[in-house]
Amino acid sequence: MLSKIKDYIIGKIHLADEIARAKSVDIIESEITQLEYIFSVLTFGEFLGYPSVPSQIMFELLSESEDSINLLLDRINTQNEPLAELISTFRID
């Protein structure tokens with residue numbers, strides 16, 4: 001009887017561990033996306049009207065930052081529903 005209870009509790013602990021690991025990966029990916037967005041805003045802030053890095057540096061980084069530009073364009077598309085990205089990150093049903 002005690003071994004069944006022990007196995008049941010260990011199974012629940014393993015399940016909780018798997019869920020926590022999956023959510024942590026999603027949260028880290030979301031944080032990386034946020035950091036890339038912050039970097040792109042800092043780099044290309046001049047286009048948005050924010051003070052930014054000197055234009056020479058910005059144009060040197062322009063050729064290497066296609067992903068950052070695509071991220072900014074995706075942010076523009078999701079501005080109408082700002083909670084949608086947050087809800088999809090945390091898998092709220």
# chains A, B, ... in the order shown; residues from 1 in each chain; ligands from 1

call {"tool": "residues_around", "arguments": {"residues": "segment 24-39 of chain A", "least_positions_apart": "2", "cutoff": "8 Å", "atoms": "only C-alpha atoms", "output": "list of chain:residue names"}}
result
A:Ala20, A:Arg21, A:Ala22, A:Val41, A:Leu42, A:Thr43, A:Ser68, A:Leu71, A:Leu72, A:Thr89, A:Phe90

call {"tool": "residues_around", "arguments": {"residues": "segment 61-65 of chain A", "least_positions_apart": "3", "cutoff": "9 Å", "atoms": "only C-alpha atoms", "output": "list in words"}}
result
Ser40, Thr43, Phe44, Gln56, Ile57, Met58, Ser68, Ile69 and Asn70 of chain A

call {"tool": "select_by_dssp", "arguments": {"residues": "segment 29-75 of chain A", "states": "helix (DSSP H, G or I)", "output": "ChimeraX atom specification"}}
result
/A:29-43,45-48,55-62,66-75

call {"tool": "atom_distance", "arguments": {"atom1": "atom CA of Glu66 of chain A", "atom2": "atom CA of Gly49 of chain A"}}
result
19.9 Å

call {"tool": "atom_distance", "arguments": {"atom1": "atom CA of Asp74 of chain A", "atom2": "atom CA of Ile19 of chain A"}}
result
28.5 Å
